[in-house]
$ cat data24.pdb   # PDB, C-alpha atoms, pLDDT in the B column
ATOM      1  CA  MET Q1251       0.000   0.000   0.000  1.00 50.00           C
ATOM      2  CA  ARG Q1252       1.786   3.061  -1.264  1.00 51.00           C
ATOM      3  CA  ASN Q1253       1.833   6.304   0.714  1.00 51.00           C
ATOM      4  CA  ASP Q1254       2.476   8.515  -2.328  1.00 47.00           C
ATOM      5  CA  LYS Q1255      -0.141  10.878  -3.736  1.00 46.00           C
ATOM      6  CA  ARG Q1256      -0.373   9.386  -7.221  1.00 47.00           C
ATOM      7  CA  LYS Q1257      -3.913   8.901  -8.431  1.00 48.00           C
ATOM      8  CA  LYS Q1258      -5.136   5.337  -8.001  1.00 48.00           C
ATOM      9  CA  PRO Q1259      -6.937   3.623 -10.899  1.00 47.00           C
ATOM     10  CA  GLN Q1260     -10.691   3.268 -10.546  1.00 51.00           C
ATOM     11  CA  ALA Q1261     -11.129   0.178  -8.381  1.00 55.00           C
ATOM     12  CA  GLN Q1262     -12.860  -2.861  -9.830  1.00 73.00           C
ATOM     13  CA  HIS Q1263     -12.214  -4.682  -6.555  1.00 82.00           C
ATOM     14  CA  ARG Q1264     -12.203  -3.621  -2.930  1.00 85.00           C
ATOM     15  CA  ILE Q1265      -8.694  -2.601  -1.952  1.00 86.00           C
ATOM     16  CA  ASN Q1266      -6.957  -1.677   1.290  1.00 88.00           C
ATOM     17  CA  GLU Q1267      -9.276   0.132   3.744  1.00 87.00           C
ATOM     18  CA  GLN Q1268     -12.295  -0.603   1.537  1.00 89.00           C
ATOM     19  CA  ILE Q1269     -12.143  -4.226   2.756  1.00 89.00           C
ATOM     20  CA  ARG Q1270     -14.613  -4.433   5.667  1.00 88.00           C
ATOM     21  CA  ALA Q1271     -14.219  -8.057   6.751  1.00 87.00           C
ATOM     22  CA  LYS Q1272     -12.534  -8.617  10.133  1.00 90.00           C
ATOM     23  CA  GLU Q1273     -10.334 -11.356   8.680  1.00 91.00           C
ATOM     24  CA  VAL Q1274      -9.315 -12.516   5.224  1.00 92.00           C
ATOM     25  CA  ARG Q1275      -7.781 -15.527   3.547  1.00 92.00           C
ATOM     26  CA  LEU Q1276      -4.484 -14.251   2.182  1.00 92.00           C
ATOM     27  CA  VAL Q1277      -3.197 -16.235  -0.789  1.00 90.00           C
ATOM     28  CA  GLY Q1278       0.229 -16.100  -2.342  1.00 85.00           C
ATOM     29  CA  GLU Q1279       2.981 -18.201  -3.855  1.00 81.00           C
ATOM     30  CA  ASP Q1280       3.523 -20.035  -0.545  1.00 80.00           C
ATOM     31  CA  GLY Q1281      -0.129 -20.991  -0.106  1.00 83.00           C
ATOM     32  CA  SER Q1282      -2.882 -19.354   1.947  1.00 86.00           C
ATOM     33  CA  MET Q1283      -3.638 -18.414   5.518  1.00 89.00           C
ATOM     34  CA  VAL Q1284      -6.475 -16.788   7.416  1.00 91.00           C
ATOM     35  CA  ILE Q1285      -5.331 -13.664   9.241  1.00 90.00           C
ATOM     36  CA  PRO Q1286      -6.912 -10.462  10.615  1.00 93.00           C
ATOM     37  CA  THR Q1287      -7.515  -7.853   7.931  1.00 90.00           C
ATOM     38  CA  ARG Q1288      -5.462  -5.280   9.875  1.00 92.00           C
ATOM     39  CA  GLN Q1289      -2.449  -7.608   9.808  1.00 91.00           C
ATOM     40  CA  ALA Q1290      -2.856  -8.148   6.035  1.00 90.00           C
ATOM     41  CA  LEU Q1291      -3.004  -4.363   5.540  1.00 93.00           C
ATOM     42  CA  ASP Q1292       0.208  -3.935   7.529  1.00 92.00           C
ATOM     43  CA  MET Q1293       1.923  -6.543   5.358  1.00 91.00           C
ATOM     44  CA  ALA Q1294       0.806  -4.749   2.188  1.00 91.00           C
ATOM     45  CA  ARG Q1295       2.028  -1.421   3.582  1.00 92.00           C
ATOM     46  CA  GLN Q1296       5.432  -2.869   4.351  1.00 92.00           C
ATOM     47  CA  GLN Q1297       5.775  -4.097   0.755  1.00 91.00           C
ATOM     48  CA  GLU Q1298       4.459  -0.754  -0.597  1.00 90.00           C
ATOM     49  CA  VAL Q1299       1.715  -2.445  -2.599  1.00 91.00           C
ATOM     50  CA  ASP Q1300      -2.010  -3.103  -2.083  1.00 90.00           C
ATOM     51  CA  LEU Q1301      -4.288  -5.594  -0.361  1.00 88.00           C
ATOM     52  CA  VAL Q1302      -6.808  -6.605  -3.027  1.00 89.00           C
ATOM     53  CA  GLU Q1303     -10.038  -8.537  -2.416  1.00 90.00           C
ATOM     54  CA  ILE Q1304     -10.141 -11.178  -5.167  1.00 86.00           C
ATOM     55  CA  SER Q1305     -13.151 -13.287  -4.070  1.00 87.00           C
ATOM     56  CA  PRO Q1306     -15.481 -11.141  -1.956  1.00 87.00           C
ATOM     57  CA  ASN Q1307     -18.173 -13.839  -1.586  1.00 87.00           C
ATOM     58  CA  ALA Q1308     -15.857 -16.407  -0.028  1.00 87.00           C
ATOM     59  CA  GLU Q1309     -15.924 -16.957   3.740  1.00 88.00           C
ATOM     60  CA  PRO Q1310     -13.651 -15.301   4.699  1.00 90.00           C
ATOM     61  CA  PRO Q1311     -12.981 -13.140   1.604  1.00 90.00           C
ATOM     62  CA  VAL Q1312      -9.919 -14.129  -0.418  1.00 92.00           C
ATOM     63  CA  CYS Q1313      -7.266 -11.414  -0.806  1.00 93.00           C
ATOM     64  CA  ARG Q1314      -3.869 -10.990  -2.416  1.00 91.00           C
ATOM     65  CA  ILE Q1315      -1.034  -8.569  -1.771  1.00 92.00           C
ATOM     66  CA  ILE Q1316      -0.199  -7.117  -5.187  1.00 89.00           C
ATOM     67  CA  ASP Q1317       0.484  -3.911  -7.080  1.00 89.00           C
ATOM     68  CA  TYR Q1318      -3.111  -3.104  -8.032  1.00 89.00           C
ATOM     69  CA  SER Q1319      -2.185  -0.705 -10.857  1.00 89.00           C
ATOM     70  CA  LYS Q1320       0.042  -3.363 -12.423  1.00 89.00           C
ATOM     71  CA  PHE Q1321      -2.666  -6.001 -11.884  1.00 87.00           C
ATOM     72  CA  LEU Q1322      -5.245  -3.922 -13.790  1.00 88.00           C
ATOM     73  CA  TYR Q1323      -2.755  -3.197 -16.582  1.00 89.00           C
ATOM     74  CA  GLN Q1324      -2.027  -6.895 -17.049  1.00 88.00           C
ATOM     75  CA  GLN Q1325      -5.745  -7.715 -17.105  1.00 86.00           C
ATOM     76  CA  LYS Q1326      -6.350  -5.052 -19.755  1.00 88.00           C
ATOM     77  CA  LYS Q1327      -3.399  -6.289 -21.809  1.00 89.00           C
ATOM     78  CA  ARG Q1328      -4.633  -9.888 -21.734  1.00 88.00           C
ATOM     79  CA  ALA Q1329      -8.140  -8.829 -22.759  1.00 86.00           C
ATOM     80  CA  LYS Q1330      -6.718  -6.842 -25.686  1.00 83.00           C
ATOM     81  CA  GLU Q1331      -4.604  -9.801 -26.838  1.00 81.00           C
ATOM     82  CA  MET Q1332      -7.599 -12.134 -26.729  1.00 79.00           C
ATOM     83  CA  LYS Q1333      -9.667  -9.673 -28.726  1.00 75.00           C
ATOM     84  CA  GLN Q1334      -6.977  -9.411 -31.392  1.00 67.00           C
ATOM     85  CA  LYS Q1335      -6.853 -13.197 -31.734  1.00 64.00           C
ATOM     86  CA  GLN Q1336     -10.563 -13.401 -32.402  1.00 64.00           C
ATOM     87  CA  VAL Q1337     -11.546 -13.545 -36.074  1.00 57.00           C
ATOM     88  CA  LYS Q1338     -13.633 -10.534 -36.921  1.00 66.00           C
ATOM     89  CA  GLN Q1339     -16.341 -11.612 -39.341  1.00 72.00           C
ATOM     90  CA  GLU Q1340     -17.932  -9.031 -41.584  1.00 85.00           C
ATOM     91  CA  VAL Q1341     -20.588  -9.175 -44.289  1.00 89.00           C
ATOM     92  CA  LYS Q1342     -19.135  -8.145 -47.647  1.00 92.00           C
ATOM     93  CA  GLU Q1343     -21.429  -7.082 -50.487  1.00 93.00           C
ATOM     94  CA  ILE Q1344     -21.108  -8.010 -54.146  1.00 93.00           C
ATOM     95  CA  ARG Q1345     -23.434  -6.221 -56.557  1.00 93.00           C
ATOM     96  CA  PHE Q1346     -24.436  -7.401 -60.017  1.00 92.00           C
ATOM     97  CA  GLY Q1347     -26.686  -6.148 -62.781  1.00 86.00           C
ATOM     98  CA  PRO Q1348     -28.917  -8.625 -64.631  1.00 81.00           C
ATOM     99  CA  GLN Q1349     -26.730  -8.243 -67.750  1.00 82.00           C
ATOM    100  CA  THR Q1350     -23.309  -8.448 -66.059  1.00 86.00           C
ATOM    101  CA  ASP Q1351     -20.604  -9.297 -68.591  1.00 89.00           C
ATOM    102  CA  GLU Q1352     -18.013 -12.036 -68.186  1.00 91.00           C
ATOM    103  CA  HIS Q1353     -15.098  -9.758 -67.293  1.00 92.00           C
ATOM    104  CA  ASP Q1354     -17.038  -7.989 -64.546  1.00 92.00           C
ATOM    105  CA  TYR Q1355     -18.338 -11.316 -63.258  1.00 93.00           C
ATOM    106  CA  ASN Q1356     -14.826 -12.800 -62.936  1.00 93.00           C
ATOM    107  CA  PHE Q1357     -13.577  -9.626 -61.243  1.00 93.00           C
ATOM    108  CA  LYS Q1358     -16.300  -9.829 -58.590  1.00 93.00           C
ATOM    109  CA  LEU Q1359     -15.914 -13.588 -58.225  1.00 94.00           C
ATOM    110  CA  LYS Q1360     -12.232 -13.061 -57.389  1.00 93.00           C
ATOM    111  CA  HIS Q1361     -13.108 -10.580 -54.623  1.00 93.00           C
ATOM    112  CA  ALA Q1362     -15.774 -12.896 -53.224  1.00 94.00           C
ATOM    113  CA  LYS Q1363     -13.190 -15.700 -52.969  1.00 93.00           C
ATOM    114  CA  GLU Q1364     -10.881 -13.394 -51.028  1.00 92.00           C
ATOM    115  CA  PHE Q1365     -13.693 -12.359 -48.668  1.00 92.00           C
ATOM    116  CA  LEU Q1366     -14.594 -15.980 -47.904  1.00 92.00           C
ATOM    117  CA  GLU Q1367     -10.946 -16.992 -47.480  1.00 90.00           C
ATOM    118  CA  GLU Q1368     -10.552 -14.229 -44.889  1.00 87.00           C
ATOM    119  CA  GLY Q1369     -13.501 -15.637 -42.924  1.00 87.00           C
ATOM    120  CA  ASN Q1370     -16.109 -13.055 -43.954  1.00 91.00           C
ATOM    121  CA  LYS Q1371     -19.654 -13.658 -45.119  1.00 92.00           C
ATOM    122  CA  VAL Q1372     -20.759 -12.622 -48.599  1.00 94.00           C
ATOM    123  CA  ARG Q1373     -24.065 -11.063 -49.592  1.00 94.00           C
ATOM    124  CA  ALA Q1374     -24.377 -11.011 -53.363  1.00 94.00           C
ATOM    125  CA  TYR Q1375     -27.320  -9.359 -55.030  1.00 93.00           C
ATOM    126  CA  VAL Q1376     -28.665  -8.424 -58.435  1.00 91.00           C
ATOM    127  CA  PHE Q1377     -30.207  -4.977 -58.693  1.00 89.00           C
ATOM    128  CA  PHE Q1378     -33.060  -4.667 -61.174  1.00 87.00           C
ATOM    129  CA  ARG Q1379     -33.460  -1.148 -62.505  1.00 82.00           C
ATOM    130  CA  GLY Q1380     -36.773  -0.180 -64.115  1.00 79.00           C
ATOM    131  CA  ARG Q1381     -38.118  -2.756 -66.562  1.00 77.00           C
ATOM    132  CA  SER Q1382     -35.133  -5.049 -66.018  1.00 72.00           C
ATOM    133  CA  ILE Q1383     -37.232  -6.678 -63.273  1.00 73.00           C
ATOM    134  CA  LEU Q1384     -38.805  -8.651 -66.133  1.00 75.00           C
ATOM    135  CA  PHE Q1385     -35.515 -10.548 -66.366  1.00 72.00           C
ATOM    136  CA  LYS Q1386     -35.440 -11.706 -62.751  1.00 82.00           C
ATOM    137  CA  GLU Q1387     -34.905 -15.312 -63.919  1.00 86.00           C
ATOM    138  CA  GLN Q1388     -31.598 -14.222 -65.430  1.00 87.00           C
ATOM    139  CA  GLY Q1389     -30.612 -12.717 -62.085  1.00 87.00           C
ATOM    140  CA  GLU Q1390     -31.421 -15.971 -60.323  1.00 89.00           C
ATOM    141  CA  VAL Q1391     -29.303 -17.984 -62.758  1.00 90.00           C
ATOM    142  CA  LEU Q1392     -26.418 -15.521 -62.346  1.00 91.00           C
ATOM    143  CA  LEU Q1393     -26.478 -15.852 -58.549  1.00 92.00           C
ATOM    144  CA  LEU Q1394     -26.717 -19.634 -58.751  1.00 92.00           C
ATOM    145  CA  ARG Q1395     -23.693 -19.757 -61.025  1.00 92.00           C
ATOM    146  CA  PHE Q1396     -21.894 -17.448 -58.612  1.00 93.00           C
ATOM    147  CA  ALA Q1397     -22.643 -19.778 -55.682  1.00 93.00           C
ATOM    148  CA  ASN Q1398     -21.605 -22.806 -57.712  1.00 93.00           C
ATOM    149  CA  ASP Q1399     -18.259 -21.192 -58.610  1.00 93.00           C
ATOM    150  CA  LEU Q1400     -17.652 -20.471 -54.905  1.00 93.00           C
ATOM    151  CA  GLU Q1401     -18.526 -23.971 -53.737  1.00 91.00           C
ATOM    152  CA  GLU Q1402     -14.916 -24.653 -52.686  1.00 91.00           C
ATOM    153  CA  TYR Q1403     -14.759 -21.541 -50.532  1.00 93.00           C
ATOM    154  CA  GLY Q1404     -18.199 -21.134 -48.983  1.00 92.00           C
ATOM    155  CA  LYS Q1405     -21.606 -22.610 -48.347  1.00 92.00           C
ATOM    156  CA  VAL Q1406     -24.988 -21.171 -49.269  1.00 92.00           C
ATOM    157  CA  ASP Q1407     -26.940 -19.798 -46.319  1.00 91.00           C
ATOM    158  CA  GLN Q1408     -29.865 -18.605 -48.441  1.00 90.00           C
ATOM    159  CA  LEU Q1409     -30.695 -19.384 -52.062  1.00 91.00           C
ATOM    160  CA  PRO Q1410     -31.535 -16.428 -54.347  1.00 91.00           C
ATOM    161  CA  ARG Q1411     -34.637 -14.613 -53.125  1.00 90.00           C
ATOM    162  CA  LEU Q1412     -36.239 -11.477 -54.506  1.00 88.00           C
ATOM    163  CA  ASP Q1413     -36.748  -8.595 -52.089  1.00 88.00           C
ATOM    164  CA  GLY Q1414     -38.144  -5.514 -53.798  1.00 86.00           C
ATOM    165  CA  LYS Q1415     -35.839  -4.623 -56.687  1.00 87.00           C
ATOM    166  CA  LYS Q1416     -32.987  -6.767 -55.386  1.00 89.00           C
ATOM    167  CA  MET Q1417     -32.398 -10.511 -55.441  1.00 91.00           C
ATOM    168  CA  PHE Q1418     -30.116 -11.687 -52.636  1.00 93.00           C
ATOM    169  CA  LEU Q1419     -27.841 -14.666 -52.132  1.00 94.00           C
ATOM    170  CA  TYR Q1420     -26.091 -15.220 -48.789  1.00 94.00           C
ATOM    171  CA  MET Q1421     -22.950 -17.295 -48.298  1.00 93.00           C
ATOM    172  CA  SER Q1422     -20.650 -17.987 -45.360  1.00 92.00           C
ATOM    173  CA  PRO Q1423     -17.079 -19.341 -45.352  1.00 92.00           C
ATOM    174  CA  LYS Q1424     -16.509 -23.054 -44.972  1.00 85.00           C
ATOM    175  CA  LYS Q1425     -13.551 -22.355 -42.724  1.00 65.00           C
ATOM    176  CA  GLN Q1426     -12.853 -19.353 -40.530  1.00 51.00           C
ATOM    177  CA  GLY Q1427      -9.614 -17.455 -41.104  1.00 45.00           C
ATOM    178  CA  VAL Q1428      -8.281 -19.721 -43.860  1.00 42.00           C
ATOM    179  CA  GLN Q1429      -4.744 -18.796 -44.850  1.00 44.00           C
ATOM    180  CA  LYS Q1430      -4.578 -16.913 -48.122  1.00 46.00           C
ATOM    181  CA  LYS Q1431      -3.183 -18.627 -51.187  1.00 49.00           C
ATOM    182  CA  SER Q1432       0.246 -17.792 -52.468  1.00 48.00           C
ATOM    183  CA  GLN Q1433       0.542 -15.077 -55.096  1.00 54.00           C
ATOM    184  CA  GLN Q1434       1.840 -17.653 -57.573  1.00 55.00           C
ATOM    185  CA  LYS Q1435      -1.295 -19.745 -57.188  1.00 56.00           C
ATOM    186  CA  ARG Q1436      -3.495 -16.653 -57.518  1.00 59.00           C
ATOM    187  CA  ASP Q1437      -1.742 -15.630 -60.723  1.00 64.00           C
ATOM    188  CA  ARG Q1438      -2.193 -19.104 -62.168  1.00 63.00           C
ATOM    189  CA  GLU Q1439      -5.892 -19.150 -61.340  1.00 65.00           C
ATOM    190  CA  GLU Q1440      -6.369 -15.704 -62.874  1.00 66.00           C
ATOM    191  CA  ALA Q1441      -4.617 -16.826 -66.068  1.00 64.00           C
ATOM    192  CA  GLU Q1442      -6.836 -19.918 -66.234  1.00 64.00           C
ATOM    193  CA  ALA Q1443      -9.947 -17.813 -65.706  1.00 63.00           C
ATOM    194  CA  ALA Q1444      -8.875 -15.365 -68.436  1.00 60.00           C
ATOM    195  CA  SER Q1445      -8.220 -18.248 -70.833  1.00 58.00           C
ATOM    196  CA  ALA Q1446     -11.618 -19.764 -70.094  1.00 54.00           C
ATOM    197  CA  ALA Q1447     -13.274 -16.390 -70.660  1.00 53.00           C
ATOM    198  CA  GLU Q1448     -11.600 -16.045 -74.072  1.00 55.00           C
ATOM    199  CA  ILE Q1449     -12.815 -19.484 -75.118  1.00 47.00           C
ATOM    200  CA  GLU Q1450     -16.337 -18.709 -73.979  1.00 49.00           C
ATOM    201  CA  ASN Q1451     -16.335 -15.360 -75.785  1.00 50.00           C
ATOM    202  CA  GLU Q1452     -15.436 -17.093 -79.040  1.00 49.00           C
ATOM    203  CA  ALA Q1453     -18.288 -19.588 -78.732  1.00 45.00           C
ATOM    204  CA  PRO Q1454     -21.843 -18.722 -79.928  1.00 44.00           C
ATOM    205  CA  LYS Q1455     -23.932 -17.257 -77.102  1.00 45.00           C
ATOM    206  CA  ASN Q1456     -27.620 -16.671 -76.506  1.00 45.00           C
ATOM    207  CA  GLY Q1457     -27.340 -14.841 -73.234  1.00 46.00           C
ATOM    208  CA  GLY Q1458     -23.615 -14.276 -72.682  1.00 44.00           C
ATOM    209  CA  LEU Q1459     -22.987 -14.914 -69.028  1.00 44.00           C
ATOM    210  CA  LEU Q1460     -26.480 -16.227 -68.459  1.00 44.00           C
ATOM    211  CA  GLU Q1461     -26.154 -19.300 -70.611  1.00 46.00           C
ATOM    212  CA  ASN Q1462     -29.210 -21.497 -70.091  1.00 44.00           C
ATOM    213  CA  ALA Q1463     -27.465 -24.865 -69.866  1.00 45.00           C
ATOM    214  CA  LYS Q1464     -24.955 -23.640 -67.313  1.00 52.00           C
ATOM    215  CA  GLY Q1465     -27.622 -21.899 -65.277  1.00 54.00           C
ATOM    216  CA  VAL Q1466     -29.958 -24.873 -65.149  1.00 52.00           C
ATOM    217  CA  GLU Q1467     -27.093 -27.165 -64.159  1.00 61.00           C
ATOM    218  CA  ALA Q1468     -26.117 -24.850 -61.306  1.00 60.00           C
ATOM    219  CA  LEU Q1469     -29.757 -24.512 -60.223  1.00 60.00           C
ATOM    220  CA  LEU Q1470     -30.270 -28.283 -60.039  1.00 60.00           C
ATOM    221  CA  LYS Q1471     -27.000 -28.807 -58.182  1.00 63.00           C
ATOM    222  CA  LEU Q1472     -27.707 -26.186 -55.510  1.00 64.00           C
ATOM    223  CA  LYS Q1473     -31.297 -27.304 -55.004  1.00 58.00           C
ATOM    224  CA  GLU Q1474     -30.116 -30.880 -54.557  1.00 64.00           C
ATOM    225  CA  GLN Q1475     -27.609 -29.712 -51.942  1.00 61.00           C
ATOM    226  CA  ALA Q1476     -30.288 -27.710 -50.145  1.00 57.00           C
ATOM    227  CA  GLY Q1477     -32.544 -30.779 -50.113  1.00 56.00           C
ATOM    228  CA  GLU Q1478     -29.815 -32.950 -48.607  1.00 53.00           C
ATOM    229  CA  GLU Q1479     -29.266 -30.475 -45.793  1.00 53.00           C
TER     230      GLU Q1479
END
$ encode --input "data24.pdb" --output "structure tokens"
Amino acid sequence: MRNDKRKKPQAQHRINEQIRAKEVRLVGEDGSMVIPTRQALDMARQQEVDLVEISPNAEPPVCRIIDYSKFLYQQKKRAKEMKQKQVKQEVKEIRFGPQTDEHDYNFKLKHAKEFLEEGNKVRAYVFFRGRSILFKEQGEVLLLRFANDLEEYGKVDQLPRLDGKKMFLYMSPKKQGVQKKSQQKRDREEAEAASAAEIENEAPKNGGLLENAKGVEALLKLKEQAGEE
């Protein structure tokens, strides 16, 4: 118990003269003993630290002789370290139009993979402007393809559902805080995706990105998975 005039931290425990019990169980490295509170206070004063009530509901209350300022600092430091270790999960948004082209689709797919790898959730949606709401089936097929392409990275929490002028798809990561891929592997995957896009652009198309066969295949696959769950 220090005699200096430095300001004490706001007590979260009873300390020193705040302890009203006539006797306390004093614990330390050498064990514990029940002694009068006045004697415990004298011991703390001799060591120039504090008598701190650790378990007030015990009979008698359990106390320790410690530097209370240092004790609070260490508690705060441990709490901060634990908070930093926790994976902070956010919901990342990916927006599409009903006529999204292949290049834009691959660009957004890449970002969605990164979000899921980092342990975040993904909310993808198609925004229908004006009369484009007539093509809501195309938006559903687009989102189903998107979910199918992300099957390795995440799982579908909610299949495409229309809400006003937006159709939403929700996905969550399969694993929290997965380590990111190496840059070499990312570059290879991007090159493969670009090559596949070139091949698809050269082939005859009816709906570009929203190719019927691919969309129906993705739809059947996801609905089968939803039925199994």
$ resolve_selection --input "data24.pdb" --expression "the PyMOL selection byres ((chain Q and resi 1286) around 9)" --output "VMD selection string"
chain Q and resid 1271 to 1275 1284 to 1285 1287 to 1291
$ atom_distance --input "data24.pdb" --atom1 "atom CA of Phe1377 of chain Q" --atom2 "atom CA of Lys1415 of chain Q"
6.0 Å
$ atom_distance --input "data24.pdb" --atom1 "atom CA of Asn1307 of chain Q" --atom2 "atom CA of Gly1278 of chain Q"
18.6 Å
$ closest_atom_pairs --input "data24.pdb" --of "segment 1258-1343 of chain Q" --to "segment 1416-1422 of chain Q" --cutoff "10 Å" --atoms "all atoms listed in the file" --output "tab-separated table"
residue	atom	partner	partner_atom	distance
Q:Gln1339	CA	Q:Ser1422	CA	9.8
Q:Val1341	CA	Q:Ser1422	CA	8.9
Q:Lys1342	CA	Q:Met1421	CA	9.9
Q:Glu1343	CA	Q:Tyr1420	CA	9.5
$ resolve_selection --input "data24.pdb" --expression "the PyMOL selection byres ((chain Q and resi 1322-1325) around 12)" --output "MDAnalysis selection string"
chainID Q and resid 1258:1263 1302 1316:1321 1326:1332
$ write_last_selection --input "data24.pdb" --atoms "C-alpha atoms" --output "PDB file, in the coordinates of the input"
ATOM      1  CA  LYS Q1258      -5.136   5.337  -8.001  1.00 48.00           C
ATOM      2  CA  PRO Q1259      -6.937   3.623 -10.899  1.00 47.00           C
ATOM      3  CA  GLN Q1260     -10.691   3.268 -10.546  1.00 51.00           C
ATOM      4  CA  ALA Q1261     -11.129   0.178  -8.381  1.00 55.00           C
ATOM      5  CA  GLN Q1262     -12.860  -2.861  -9.830  1.00 73.00           C
ATOM      6  CA  HIS Q1263     -12.214  -4.682  -6.555  1.00 82.00           C
ATOM      7  CA  VAL Q1302      -6.808  -6.605  -3.027  1.00 89.00           C
ATOM      8  CA  ILE Q1316      -0.199  -7.117  -5.187  1.00 89.00           C
ATOM      9  CA  ASP Q1317       0.484  -3.911  -7.080  1.00 89.00           C
ATOM     10  CA  TYR Q1318      -3.111  -3.104  -8.032  1.00 89.00           C
ATOM     11  CA  SER Q1319      -2.185  -0.705 -10.857  1.00 89.00           C
ATOM     12  CA  LYS Q1320       0.042  -3.363 -12.423  1.00 89.00           C
ATOM     13  CA  PHE Q1321      -2.666  -6.001 -11.884  1.00 87.00           C
ATOM     14  CA  LYS Q1326      -6.350  -5.052 -19.755  1.00 88.00           C
ATOM     15  CA  LYS Q1327      -3.399  -6.289 -21.809  1.00 89.00           C
ATOM     16  CA  ARG Q1328      -4.633  -9.888 -21.734  1.00 88.00           C
ATOM     17  CA  ALA Q1329      -8.140  -8.829 -22.759  1.00 86.00           C
ATOM     18  CA  LYS Q1330      -6.718  -6.842 -25.686  1.00 83.00           C
ATOM     19  CA  GLU Q1331      -4.604  -9.801 -26.838  1.00 81.00           C
ATOM     20  CA  MET Q1332      -7.599 -12.134 -26.729  1.00 79.00           C
TER      21      MET Q1332
END
$ closest_residue --input "data24.pdb" --among "Q:Ile1265, Q:Val1312, Q:Leu1392, Q:Leu1409" --to "Glu1352 of chain Q" --atoms "all atoms listed in the file"
Q:Leu1392
$ atom_distance --input "data24.pdb" --atom1 "atom CA of Asp1300 of chain Q" --atom2 "atom CA of Ile1315 of chain Q"
5.6 Å
$ residues_around --input "data24.pdb" --residues "Pro1423 of chain Q" --least-positions-apart "6" --cutoff "8 Å" --atoms "only C-alpha atoms" --output "list of chain:residue names"
Q:Leu1366, Q:Glu1367, Q:Gly1369, Q:Asn1370, Q:Lys1371, Q:Tyr1403, Q:Gly1404, Q:Lys1405
$ closest_residue --input "data24.pdb" --among "Q:Val1406, Q:Ile1344, Q:Ile1304, Q:Ile1383" --to "Leu1359 of chain Q" --atoms "all atoms listed in the file"
Q:Ile1344
